[in-house]
>>> print(open('structure.cif').read())   # mmCIF, C-alpha atoms
data_model
#
loop_
_atom_site.label_atom_id
_atom_site.label_comp_id
_atom_site.auth_asym_id
_atom_site.auth_seq_id
_atom_site.Cartn_x
_atom_site.Cartn_y
_atom_site.Cartn_z
CA MET A 236 0.00 0.00 0.00
CA THR A 237 1.36 3.43 -0.99
CA PRO A 238 0.88 6.10 1.69
CA GLN A 239 -1.29 8.98 0.50
CA PRO A 240 -0.57 12.31 2.25
CA ASN A 241 -3.58 13.92 3.92
CA PRO A 242 -2.31 16.54 6.37
CA GLN A 243 -5.76 18.00 7.10
CA VAL A 244 -7.11 14.68 8.35
CA GLY A 245 -3.91 14.15 10.29
CA ALA A 246 -4.32 17.52 12.00
CA ALA A 247 -7.90 16.67 12.97
CA VAL A 248 -6.87 13.27 14.36
CA LYS A 249 -4.12 14.87 16.38
CA ALA A 250 -6.37 17.65 17.69
CA ALA A 251 -8.97 15.14 18.89
CA ASP A 252 -6.25 13.07 20.49
CA ARG A 253 -4.85 16.06 22.34
CA ALA A 254 -8.29 17.12 23.52
CA HIS A 255 -9.63 13.78 24.71
CA VAL A 256 -7.14 10.87 24.84
CA PHE A 257 -5.33 10.25 28.12
CA HIS A 258 -2.11 8.37 27.29
CA SER A 259 -0.46 5.74 29.44
CA TRP A 260 2.91 6.22 31.20
CA SER A 261 3.02 9.90 30.16
CA ALA A 262 2.92 13.47 31.40
CA GLN A 263 0.08 14.50 29.11
CA GLU A 264 1.31 17.99 28.16
CA LEU A 265 4.85 16.80 27.44
CA ILE A 266 4.10 14.27 24.71
CA ASP A 267 3.50 14.67 21.00
CA PRO A 268 1.97 11.43 19.64
CA LEU A 269 2.47 10.70 15.96
CA ALA A 270 -0.82 10.51 14.05
CA VAL A 271 -0.77 7.18 12.20
CA ALA A 272 -2.64 6.91 8.92
CA GLY A 273 -2.08 3.23 8.13
CA ALA A 274 0.14 0.18 8.36
CA GLU A 275 0.98 -2.94 6.40
CA GLY A 276 3.51 -5.68 6.99
CA SER A 277 6.58 -4.29 8.73
CA TYR A 278 5.74 -0.63 8.01
CA PHE A 279 3.40 2.14 9.13
CA TRP A 280 3.02 5.73 7.91
CA ASP A 281 1.76 9.11 9.01
CA TYR A 282 -0.62 11.59 7.37
CA GLU A 283 2.30 13.41 5.77
CA GLY A 284 3.03 10.25 3.81
CA LYS A 285 6.26 9.46 5.69
CA ARG A 286 6.77 5.71 6.06
CA TYR A 287 8.54 4.02 8.97
CA LEU A 288 10.03 0.56 9.26
CA ASP A 289 8.66 -0.64 12.60
CA PHE A 290 11.47 -2.14 14.67
CA THR A 291 9.12 -2.18 17.70
CA SER A 292 6.35 -4.47 16.37
CA GLY A 293 3.89 -2.08 18.03
CA LEU A 294 4.76 -2.93 21.61
CA VAL A 295 6.44 -6.17 20.56
CA PHE A 296 3.15 -7.77 19.52
CA THR A 297 2.72 -7.60 15.73
CA ASN A 298 4.59 -10.89 15.29
CA ILE A 299 3.11 -11.41 11.81
CA GLY A 300 3.15 -7.74 10.87
CA TYR A 301 0.26 -5.38 10.30
CA GLN A 302 -2.90 -6.21 8.35
CA HIS A 303 -2.16 -9.82 7.44
CA PRO A 304 -5.04 -10.56 5.03
CA LYS A 305 -5.83 -14.03 6.41
CA VAL A 306 -6.16 -12.77 9.97
CA VAL A 307 -8.20 -9.73 8.90
CA ALA A 308 -10.51 -12.06 6.94
CA ALA A 309 -10.87 -14.40 9.94
CA ILE A 310 -11.91 -11.50 12.16
CA GLN A 311 -14.42 -10.32 9.56
CA GLU A 312 -15.85 -13.82 9.17
CA GLN A 313 -16.16 -14.31 12.92
CA ALA A 314 -17.86 -10.93 13.30
CA ALA A 315 -20.41 -11.95 10.70
CA THR A 316 -20.96 -15.37 12.32
CA LEU A 317 -20.83 -14.74 16.09
CA SER A 318 -19.30 -11.42 17.08
CA THR A 319 -19.41 -12.00 20.84
CA PHE A 320 -20.62 -14.46 23.44
CA ALA A 321 -20.32 -14.93 27.20
CA PRO A 322 -17.33 -16.94 28.48
CA ALA A 323 -19.38 -19.66 30.24
CA PHE A 324 -20.31 -21.28 26.92
CA ALA A 325 -18.38 -23.51 24.54
CA VAL A 326 -17.67 -21.50 21.39
CA GLU A 327 -15.85 -22.91 18.36
CA ALA A 328 -13.28 -20.10 18.01
CA ARG A 329 -12.48 -20.25 21.73
CA SER A 330 -12.16 -24.03 21.82
CA GLU A 331 -9.98 -24.13 18.71
CA ALA A 332 -7.72 -21.33 19.94
CA ALA A 333 -7.21 -23.17 23.24
CA ARG A 334 -6.46 -26.42 21.41
CA LEU A 335 -3.89 -24.81 19.10
CA ILE A 336 -2.15 -23.03 21.98
CA ALA A 337 -2.08 -26.18 24.16
CA GLU A 338 -0.54 -28.14 21.27
CA ARG A 339 2.44 -25.76 21.33
CA THR A 340 3.00 -25.14 25.01
CA PRO A 341 5.66 -27.30 26.69
CA GLY A 342 4.90 -30.33 28.84
CA ASP A 343 1.43 -30.73 30.30
CA LEU A 344 0.30 -27.10 30.05
CA ASP A 345 -2.91 -28.22 28.40
CA LYS A 346 -5.60 -26.06 30.02
CA ILE A 347 -5.96 -22.46 28.84
CA PHE A 348 -7.56 -19.64 30.83
CA PHE A 349 -8.16 -16.67 28.56
CA THR A 350 -7.70 -13.04 29.58
CA ASN A 351 -7.75 -9.72 27.74
CA GLY A 352 -3.99 -9.20 27.92
CA GLY A 353 -0.71 -9.98 29.60
CA ALA A 354 -1.18 -8.12 32.89
CA GLU A 355 -4.45 -9.95 33.58
CA ALA A 356 -2.72 -13.21 32.72
CA VAL A 357 -0.09 -12.47 35.37
CA GLU A 358 -2.78 -11.48 37.88
CA ASN A 359 -4.60 -14.77 37.39
CA ALA A 360 -1.49 -16.94 37.32
CA THR A 361 -0.45 -15.43 40.64
CA ARG A 362 -3.92 -16.02 42.08
CA MET A 363 -3.87 -19.63 40.91
CA ALA A 364 -0.47 -20.20 42.51
CA ARG A 365 -1.57 -18.72 45.82
CA LEU A 366 -4.76 -20.76 45.93
CA HIS A 367 -2.97 -23.94 44.86
CA THR A 368 -0.29 -23.65 47.55
CA GLY A 369 -2.17 -21.82 50.28
CA ARG A 370 0.79 -19.42 50.51
CA GLN A 371 0.99 -15.70 49.76
CA LYS A 372 4.51 -14.54 48.87
CA VAL A 373 5.67 -14.32 45.25
CA LEU A 374 9.29 -13.80 44.22
CA SER A 375 10.12 -11.76 41.13
CA ALA A 376 13.29 -10.39 39.54
CA TYR A 377 14.32 -6.73 39.75
CA ARG A 378 14.97 -6.48 36.01
CA SER A 379 11.45 -7.36 34.90
CA TYR A 380 8.13 -6.08 33.64
CA HIS A 381 4.93 -8.02 34.26
CA GLY A 382 2.13 -5.52 33.59
CA ALA A 383 0.32 -2.49 35.00
CA THR A 384 -2.52 -4.00 37.03
CA SER A 385 -2.22 -4.16 40.82
CA THR A 386 -0.38 -7.43 41.40
CA ALA A 387 1.48 -7.30 38.07
CA ILE A 388 2.94 -3.84 38.72
CA ASN A 389 4.06 -4.86 42.20
CA LEU A 390 5.78 -7.90 40.66
CA THR A 391 7.47 -5.64 38.12
CA GLY A 392 11.07 -4.65 38.82
CA ASP A 393 11.48 -1.50 36.73
CA PRO A 394 10.82 2.07 37.96
CA ARG A 395 7.21 2.08 36.81
CA ARG A 396 6.54 0.07 39.95
CA TRP A 397 7.74 2.81 42.29
CA PRO A 398 4.67 5.12 42.30
CA ASN A 399 2.35 2.10 42.37
CA ASP A 400 4.13 -0.05 44.97
CA ILE A 401 1.85 -0.59 47.96
CA GLY A 402 4.59 -2.35 49.92
CA ALA A 403 2.14 -4.98 51.13
CA ALA A 404 1.48 -7.13 48.07
CA GLY A 405 3.46 -10.13 49.28
CA VAL A 406 6.13 -9.52 46.63
CA VAL A 407 9.85 -10.08 47.22
CA HIS A 408 12.36 -9.07 44.53
CA PHE A 409 15.67 -10.77 43.83
CA TRP A 410 18.51 -10.51 41.30
CA ALA A 411 18.35 -12.71 38.23
CA PRO A 412 21.50 -13.39 36.16
CA PHE A 413 22.86 -10.69 33.85
CA LEU A 414 26.57 -11.10 33.26
CA TYR A 415 27.18 -7.74 31.57
CA ARG A 416 25.99 -5.92 34.70
CA SER A 417 26.42 -8.77 37.16
CA PRO A 418 25.30 -8.08 40.73
CA PHE A 419 27.40 -11.12 41.70
CA HIS A 420 30.76 -9.92 40.27
CA SER A 421 30.92 -13.01 38.05
CA ASP A 422 33.47 -13.47 35.28
CA SER A 423 31.70 -16.20 33.26
CA GLU A 424 28.20 -17.32 32.35
CA GLN A 425 28.66 -20.48 34.42
CA GLN A 426 29.72 -18.51 37.48
CA GLU A 427 26.85 -16.06 36.99
CA CYS A 428 24.41 -18.95 36.80
CA GLU A 429 25.76 -20.62 39.94
CA ARG A 430 25.83 -17.40 41.95
CA ALA A 431 22.37 -16.32 40.82
CA LEU A 432 20.90 -19.67 41.83
CA GLN A 433 22.65 -19.48 45.20
CA HIS A 434 21.30 -15.96 45.69
CA LEU A 435 17.79 -17.23 44.94
CA GLU A 436 18.26 -20.11 47.40
CA ASP A 437 19.43 -17.65 50.06
CA THR A 438 16.46 -15.36 49.43
CA ILE A 439 14.08 -18.29 49.81
CA ALA A 440 15.81 -19.42 53.02
CA PHE A 441 15.53 -15.99 54.61
CA GLU A 442 11.94 -15.43 53.44
CA GLY A 443 10.83 -18.88 54.59
CA PRO A 444 10.21 -21.57 51.93
CA GLY A 445 6.83 -22.42 53.42
CA THR A 446 5.59 -18.86 52.87
CA ILE A 447 6.36 -18.66 49.13
CA ALA A 448 3.62 -19.46 46.64
CA ALA A 449 5.47 -18.80 43.39
CA ILE A 450 8.53 -17.57 41.58
CA ILE A 451 7.73 -15.65 38.41
CA LEU A 452 10.31 -14.94 35.72
CA GLU A 453 10.17 -13.68 32.17
CA THR A 454 11.79 -16.57 30.29
CA ILE A 455 13.88 -13.98 28.47
CA PRO A 456 13.19 -10.55 30.00
CA GLY A 457 11.78 -8.18 27.41
CA THR A 458 11.38 -4.49 28.27
CA ALA A 459 14.03 -4.85 30.99
CA GLY A 460 16.74 -5.62 28.44
CA ILE A 461 16.44 -8.96 26.60
CA MET A 462 18.95 -10.76 28.82
CA THR A 463 19.05 -14.42 27.79
CA PRO A 464 19.67 -16.42 30.97
CA PRO A 465 22.65 -18.82 31.21
CA ALA A 466 21.86 -22.32 30.00
CA GLY A 467 21.46 -23.89 33.45
CA TYR A 468 19.56 -21.11 35.19
CA LEU A 469 15.92 -21.86 34.38
CA PRO A 470 16.34 -25.64 34.94
CA GLY A 471 17.98 -24.70 38.24
CA VAL A 472 15.01 -22.55 39.23
CA ARG A 473 12.72 -25.42 38.25
CA GLU A 474 14.61 -27.75 40.59
CA ILE A 475 14.47 -25.24 43.46
CA CYS A 476 10.72 -24.81 43.00
CA ASP A 477 10.19 -28.58 43.00
CA ARG A 478 12.24 -28.95 46.17
CA TYR A 479 10.24 -26.38 48.13
CA GLY A 480 6.80 -26.93 46.61
CA ILE A 481 6.85 -23.50 44.95
CA VAL A 482 4.88 -22.85 41.76
CA PHE A 483 7.12 -21.85 38.85
CA ILE A 484 5.52 -19.22 36.57
CA LEU A 485 7.11 -18.25 33.27
CA ASP A 486 5.96 -14.98 31.73
CA GLU A 487 6.03 -15.44 27.93
CA VAL A 488 3.86 -12.41 27.15
CA MET A 489 6.60 -10.81 25.07
CA ALA A 490 8.91 -13.75 24.29
CA GLY A 491 6.22 -16.19 23.17
CA PHE A 492 4.75 -17.13 19.80
CA GLY A 493 7.84 -17.15 17.65
CA ARG A 494 9.70 -14.06 18.81
CA THR A 495 12.80 -15.98 19.94
CA GLY A 496 12.78 -18.39 16.99
CA LYS A 497 10.81 -21.00 18.94
CA TRP A 498 7.11 -21.16 19.68
CA PHE A 499 8.00 -20.31 23.27
CA ALA A 500 11.31 -19.16 24.73
CA ALA A 501 11.06 -22.00 27.27
CA ASP A 502 11.76 -24.38 24.38
CA HIS A 503 15.34 -23.06 24.25
CA PHE A 504 15.95 -24.28 27.79
CA ASP A 505 13.98 -27.54 27.84
CA VAL A 506 12.04 -26.39 30.89
CA THR A 507 8.34 -26.64 31.70
CA PRO A 508 6.81 -24.25 34.25
CA ASP A 509 3.66 -24.92 36.27
CA LEU A 510 1.97 -21.87 34.76
CA MET A 511 2.82 -19.87 31.65
CA THR A 512 1.38 -16.48 30.76
CA PHE A 513 0.99 -15.30 27.17
CA ALA A 514 -0.56 -12.46 25.15
CA LYS A 515 0.72 -10.10 22.40
CA GLY A 516 1.95 -12.45 19.66
CA VAL A 517 -0.83 -15.01 20.19
CA ASN A 518 -2.85 -13.10 17.61
CA SER A 519 -0.35 -10.40 16.63
CA GLY A 520 -2.27 -7.92 18.77
CA TYR A 521 -5.10 -7.65 16.26
CA VAL A 522 -7.72 -8.06 19.01
CA PRO A 523 -6.78 -7.95 22.73
CA LEU A 524 -6.09 -11.46 24.05
CA GLY A 525 -3.93 -13.07 26.70
CA GLY A 526 -4.04 -16.12 28.89
CA VAL A 527 -2.56 -18.61 31.29
CA ALA A 528 -1.49 -22.11 30.24
CA ILE A 529 -2.06 -24.37 33.24
CA SER A 530 -0.38 -27.62 34.29
CA ALA A 531 -2.35 -30.75 35.14
CA ALA A 532 -1.58 -30.47 38.87
CA ILE A 533 -2.85 -26.92 39.17
CA ALA A 534 -5.84 -27.61 36.94
CA GLU A 535 -6.74 -30.49 39.29
CA THR A 536 -6.89 -28.04 42.21
CA PHE A 537 -9.90 -26.45 40.55
CA ALA A 538 -11.51 -29.61 39.17
CA LYS A 539 -14.18 -29.65 41.91
CA ARG A 540 -13.36 -26.36 43.58
CA PRO A 541 -14.52 -23.21 41.79
CA TYR A 542 -11.77 -20.95 40.54
CA PRO A 543 -12.60 -17.50 41.98
CA GLY A 544 -11.74 -15.41 38.96
CA GLY A 545 -13.05 -14.49 35.55
CA LEU A 546 -13.50 -11.76 32.97
CA THR A 547 -16.51 -10.67 30.95
CA TYR A 548 -14.56 -10.98 27.71
CA SER A 549 -12.53 -14.09 28.54
CA GLY A 550 -11.94 -15.92 25.28
CA HIS A 551 -13.75 -13.30 23.20
CA PRO A 552 -14.74 -14.89 19.87
CA LEU A 553 -13.15 -12.15 17.73
CA ALA A 554 -9.87 -12.36 19.64
CA CYS A 555 -9.85 -16.15 19.53
CA ALA A 556 -10.66 -16.24 15.82
CA ALA A 557 -7.68 -13.93 15.30
CA ALA A 558 -5.52 -16.29 17.38
CA VAL A 559 -6.59 -19.33 15.35
CA ALA A 560 -5.82 -17.54 12.10
CA THR A 561 -2.51 -16.20 13.40
CA ILE A 562 -1.25 -19.58 14.61
CA ASN A 563 -2.29 -21.22 11.35
CA VAL A 564 -0.57 -18.48 9.33
CA MET A 565 2.59 -18.93 11.39
CA GLU A 566 2.56 -22.64 10.60
CA GLU A 567 1.70 -22.26 6.92
CA GLU A 568 4.29 -19.57 6.27
CA GLY A 569 7.04 -20.95 8.50
CA ILE A 570 7.16 -17.72 10.48
CA VAL A 571 8.74 -19.20 13.62
CA GLU A 572 11.51 -20.66 11.47
CA GLN A 573 11.81 -17.32 9.65
CA ALA A 574 12.38 -15.53 12.96
CA ALA A 575 15.14 -17.97 13.87
CA ARG A 576 16.76 -17.69 10.44
CA ILE A 577 16.69 -13.87 10.34
CA GLY A 578 18.18 -13.72 13.80
CA GLU A 579 20.96 -16.14 12.98
CA THR A 580 21.89 -14.92 9.51
CA VAL A 581 21.00 -11.20 9.41
CA LEU A 582 20.20 -9.48 12.71
CA GLY A 583 22.76 -11.21 14.91
CA PRO A 584 25.73 -10.80 12.54
CA GLY A 585 24.59 -7.33 11.48
CA LEU A 586 24.23 -6.01 15.02
CA ARG A 587 27.58 -7.46 16.06
CA GLU A 588 29.18 -5.78 13.05
CA LEU A 589 27.65 -2.46 14.10
CA ALA A 590 29.05 -2.98 17.60
CA GLU A 591 32.56 -3.33 16.19
CA ARG A 592 32.34 0.10 14.57
CA HIS A 593 30.33 2.09 17.10
CA PRO A 594 31.88 2.85 20.49
CA SER A 595 28.41 3.56 21.91
CA VAL A 596 27.48 -0.14 21.69
CA GLY A 597 28.58 -1.91 24.84
CA GLU A 598 26.87 -5.25 24.24
CA VAL A 599 24.71 -7.03 21.68
CA ARG A 600 22.42 -9.77 22.96
CA GLY A 601 19.39 -11.66 21.75
CA THR A 602 17.99 -14.42 19.58
CA GLY A 603 15.41 -14.71 16.81
CA VAL A 604 13.86 -11.26 16.33
CA PHE A 605 14.43 -10.34 19.99
CA TRP A 606 17.61 -8.26 20.37
CA ALA A 607 18.99 -5.43 22.47
CA LEU A 608 21.89 -3.04 22.09
CA GLU A 609 23.29 -1.78 25.40
CA LEU A 610 24.44 1.79 24.72
CA VAL A 611 27.26 3.11 26.85
CA LYS A 612 29.39 6.21 27.38
CA ASP A 613 32.50 4.15 27.89
CA ARG A 614 33.01 0.54 26.87
CA ALA A 615 35.72 -0.02 29.46
CA THR A 616 33.68 1.14 32.46
CA ARG A 617 30.31 0.13 30.93
CA GLU A 618 28.81 3.39 32.13
CA PRO A 619 25.35 3.64 30.53
CA LEU A 620 24.86 6.27 27.84
CA VAL A 621 22.21 7.84 30.10
CA PRO A 622 21.62 7.30 33.84
CA TYR A 623 19.12 4.74 35.11
CA ASN A 624 15.56 6.03 34.60
CA ALA A 625 16.85 9.24 33.02
CA ALA A 626 14.42 11.94 31.91
CA GLY A 627 14.61 15.42 30.41
CA ALA A 628 18.11 16.78 29.79
CA ALA A 629 19.73 13.70 31.34
CA ASN A 630 18.13 11.57 28.62
CA ALA A 631 19.26 13.82 25.75
CA PRO A 632 21.72 11.33 24.18
CA MET A 633 19.03 8.64 23.82
CA ALA A 634 16.53 11.21 22.58
CA ALA A 635 19.01 12.32 19.92
CA PHE A 636 19.60 8.71 18.90
CA GLY A 637 15.85 8.11 18.60
CA ALA A 638 15.31 11.26 16.56
CA ALA A 639 18.08 10.25 14.16
CA ALA A 640 16.53 6.82 13.66
CA LYS A 641 13.10 8.27 12.94
CA ALA A 642 14.58 10.80 10.51
CA ASN A 643 15.95 7.79 8.60
CA GLY A 644 12.54 6.10 8.49
CA LEU A 645 13.14 3.67 11.35
CA TRP A 646 10.86 3.58 14.38
CA PRO A 647 13.06 2.33 17.26
CA PHE A 648 12.18 0.66 20.56
CA ILE A 649 14.04 2.63 23.23
CA ASN A 650 14.11 1.94 26.95
CA MET A 651 16.59 3.72 29.23
CA ASN A 652 20.08 3.26 27.72
CA ARG A 653 19.04 0.52 25.29
CA THR A 654 17.54 0.17 21.89
CA HIS A 655 15.76 -3.09 21.23
CA VAL A 656 15.59 -4.62 17.76
CA VAL A 657 12.22 -6.35 17.69
CA PRO A 658 10.71 -6.31 14.18
CA PRO A 659 7.89 -8.67 13.17
CA CYS A 660 8.81 -12.36 13.12
CA ASN A 661 8.23 -12.42 9.36
CA VAL A 662 10.43 -9.41 8.62
CA THR A 663 12.22 -10.00 5.33
CA GLU A 664 15.97 -10.05 4.88
CA ALA A 665 15.79 -6.84 2.85
CA GLU A 666 13.73 -5.09 5.54
CA ALA A 667 16.10 -6.25 8.28
CA LYS A 668 19.09 -4.90 6.35
CA GLU A 669 17.24 -1.63 5.75
CA GLY A 670 16.74 -1.33 9.49
CA LEU A 671 20.37 -2.12 10.23
CA ALA A 672 21.48 0.62 7.83
CA ALA A 673 19.23 3.14 9.59
CA LEU A 674 20.56 2.00 12.96
CA ASP A 675 24.11 2.47 11.66
CA ASP A 676 23.42 6.14 10.98
CA ALA A 677 21.60 6.68 14.29
CA LEU A 678 24.38 5.06 16.29
CA SER A 679 26.79 7.63 14.87
CA VAL A 680 24.75 10.20 16.77
CA ALA A 681 24.99 8.11 19.96
CA ASP A 682 28.77 7.86 19.41
CA GLU A 683 29.02 11.64 19.79
CA HIS A 684 28.10 11.24 23.47
CA THR A 685 30.74 8.66 24.30
CA THR A 686 34.10 9.17 25.97
CA THR A 687 35.69 6.25 24.12
CA PRO A 688 38.36 7.37 21.61
#
>>> encode(input="structure.cif", output="structure tokens")
Amino acid sequence: MTPQPNPQVGAAVKAADRAHVFHSWSAQELIDPLAVAGAEGSYFWDYEGKRYLDFTSGLVFTNIGYQHPKVVAAIQEQAATLSTFAPAFAVEARSEAARLIAERTPGDLDKIFFTNGGAEAVENATRMARLHTGRQKVLSAYRSYHGATSTAINLTGDPRRWPNDIGAAGVVHFWAPFLYRSPFHSDSEQQECERALQHLEDTIAFEGPGTIAAIILETIPGTAGIMTPPAGYLPGVREICDRYGIVFILDEVMAGFGRTGKWFAADHFDVTPDLMTFAKGVNSGYVPLGGVAISAAIAETFAKRPYPGGLTYSGHPLACAAAVATINVMEEEGIVEQAARIGETVLGPGLRELAERHPSVGEVRGTGVFWALELVKDRATREPLVPYNAAGAANAPMAAFGAAAKANGLWPFINMNRTHVVPPCNVTEAEAKEGLAALDDALSVADEHTTTP
């Protein structure tokens, strides 16, 4: 689709937005949202006709790109057949979506509880764990994001928790492994793994194993920095949970449905949690949908005991029809395999090559179409390009980097001192290389703020 400029409509859209839309995570008078006219595949465009290659996949959810015709058609067909229905009934789209998801989840995660998104999935997984164990505490990593609802935001480790933290949610935070900025002063992945597991064991010992309902981890943390855990870490957490009767929850809201080059990131580590949350890529974000995949043991807890939770739109037919179509498209078009291939042959090598030439790049990490560049002032000291949770003038170097990327037609995912490279799972080789070229130019701007010769 060729963007057609229409500045007058764009101005009207923007005026209505400014007058009436209250945006999330923002000081309302300090933001200037782009008015989007359309999108297709890996691109979107504004009302001026400027096109952007989307290296954010929306908010890391358009895993099959925008406006895939088969998914759009499935939504239209479902709307014409049965546009909505209450969750207490058996509905074809809902049943089929649950079946297709359960076929792909690891181990015995064969029961699916549908929600409207990832935060609600985390809320319900936590509730299930507490009811199953009869315990209240939940352990979560500092470098994490689990959602913006009450329990989910308290589980979150990043600064968005701070103004929302009630200090009485039964949440205990701990350090997960991250060798580049190791809290354990490790000098190898193996040592980082061992020390992180020991730290978790110590935290459990001092909190009281019999008080802990669950440990929740993003399989590969997303917004917090795409830090792939050492090979033995997640199996080690699994063993600790088994030993103490703690429910192991993996949050796959961002990493799931092909993003890492596997259906789920857990498949990289040969680990099966007791509960797994999902959302985003399950239907490429076309209609809000999330859920919890539930193990046999936890499902049995509620076999004759009512589960005290539910949502009006749980398993909404339009959302589930979109999920069915999305999963089938991913199979038919080999999109999971495409994500793995692009990561291995284009994004990984290309990003590492950029790192060799740009002193602002401290580390490249990722897999599939799930990558992060850690931007630094000084490679030797690893000082971040901007301070933790920087805003205003302190964040100027990252703002300049982002502006340079957008000027080159690339819409970047930026969080703190990082840029994440998270295009759709079916991004083409040519599109990926186009994005890398735009990043190359933008990183030259970031280089201007380094102290490295």
>>> residues_around(input="structure.cif", residues="Val357 (chain A)", least_positions_apart="4", cutoff="9 Å", atoms="only C-alpha atoms", output="ChimeraX atom specification")
/A:353,361-362,381-382,384,386-387,451,484,486,511-513,526-527
>>> atom_distance(input="structure.cif", atom1="CA of Ala560 (chain A)", atom2="CA of Arg339 (chain A)")
14.9 Å
>>> resolve_selection(input="structure.cif", expression="the PyMOL selection byres ((chain A and resi 329) around 8)", output="list in words")
Ala325, Val326, Glu327, Ala328, Ser330, Glu331, Ala332, Ala333, Gly550, His551, Pro552, Cys555 and Ala556 of chain A
>>> residues_around(input="structure.cif", residues="Arg430 (chain A)", least_positions_apart="3", cutoff="8 Å", atoms="all atoms listed in the file", output="PyMOL selection string")
chain A and resi 419+421+426-427+433-434
>>> write_last_selection(input="structure.cif", atoms="C-alpha atoms", output="short mmCIF file (atom, residue, chain, number, x, y, z; two decimals), in the coordinates of the input")
data_model
loop_
_atom_site.label_atom_id
_atom_site.label_comp_id
_atom_site.auth_asym_id
_atom_site.auth_seq_id
_atom_site.Cartn_x
_atom_site.Cartn_y
_atom_site.Cartn_z
CA PHE A 419 27.40 -11.12 41.70
CA SER A 421 30.92 -13.01 38.05
CA GLN A 426 29.72 -18.51 37.48
CA GLU A 427 26.85 -16.06 36.99
CA GLN A 433 22.65 -19.48 45.20
CA HIS A 434 21.30 -15.96 45.69
#
>>> closest_atom_pairs(input="structure.cif", of="region 288-383 of chain A", to="region 599-620 of chain A", cutoff="12 Å", atoms="only C-alpha atoms", output="tab-separated table")
residue	atom	partner	partner_atom	distance
A:Phe290	CA	A:Val604	CA	9.6
A:Thr291	CA	A:Phe605	CA	10.0
A:Ser292	CA	A:Val604	CA	10.1
A:Val295	CA	A:Phe605	CA	9.0
A:Phe296	CA	A:Phe605	CA	11.6
A:Thr297	CA	A:Val604	CA	11.7
A:Asn298	CA	A:Val604	CA	9.3
A:Ile299	CA	A:Val604	CA	11.7
>>> closest_residue(input="structure.cif", among="A:Phe636, A:Tyr548, A:Tyr301, A:Tyr542", to="His367 (chain A)", atoms="all atoms listed in the file")
A:Tyr542
>>> resolve_selection(input="structure.cif", expression="the PyMOL selection byres ((chain A and resi 390-394) around 9)", output="list in words")
Val373, Leu374, Ser375, Ala376, Tyr377, Arg378, Ser379, Tyr380, His381, Gly382, Ala383, Ser385, Thr386, Ala387, Ile388, Asn389, Arg395, Arg396, Trp397, Pro398, Ala404, Val406, Val407, His408, Ile451, Thr458, Ala459 and Asn624 of chain A
>>> resolve_selection(input="structure.cif", expression="the PyMOL selection byres ((chain A and resi 685) around 7)", output="PyMOL selection string")
chain A and resi 595+612-613+682-684+686-687
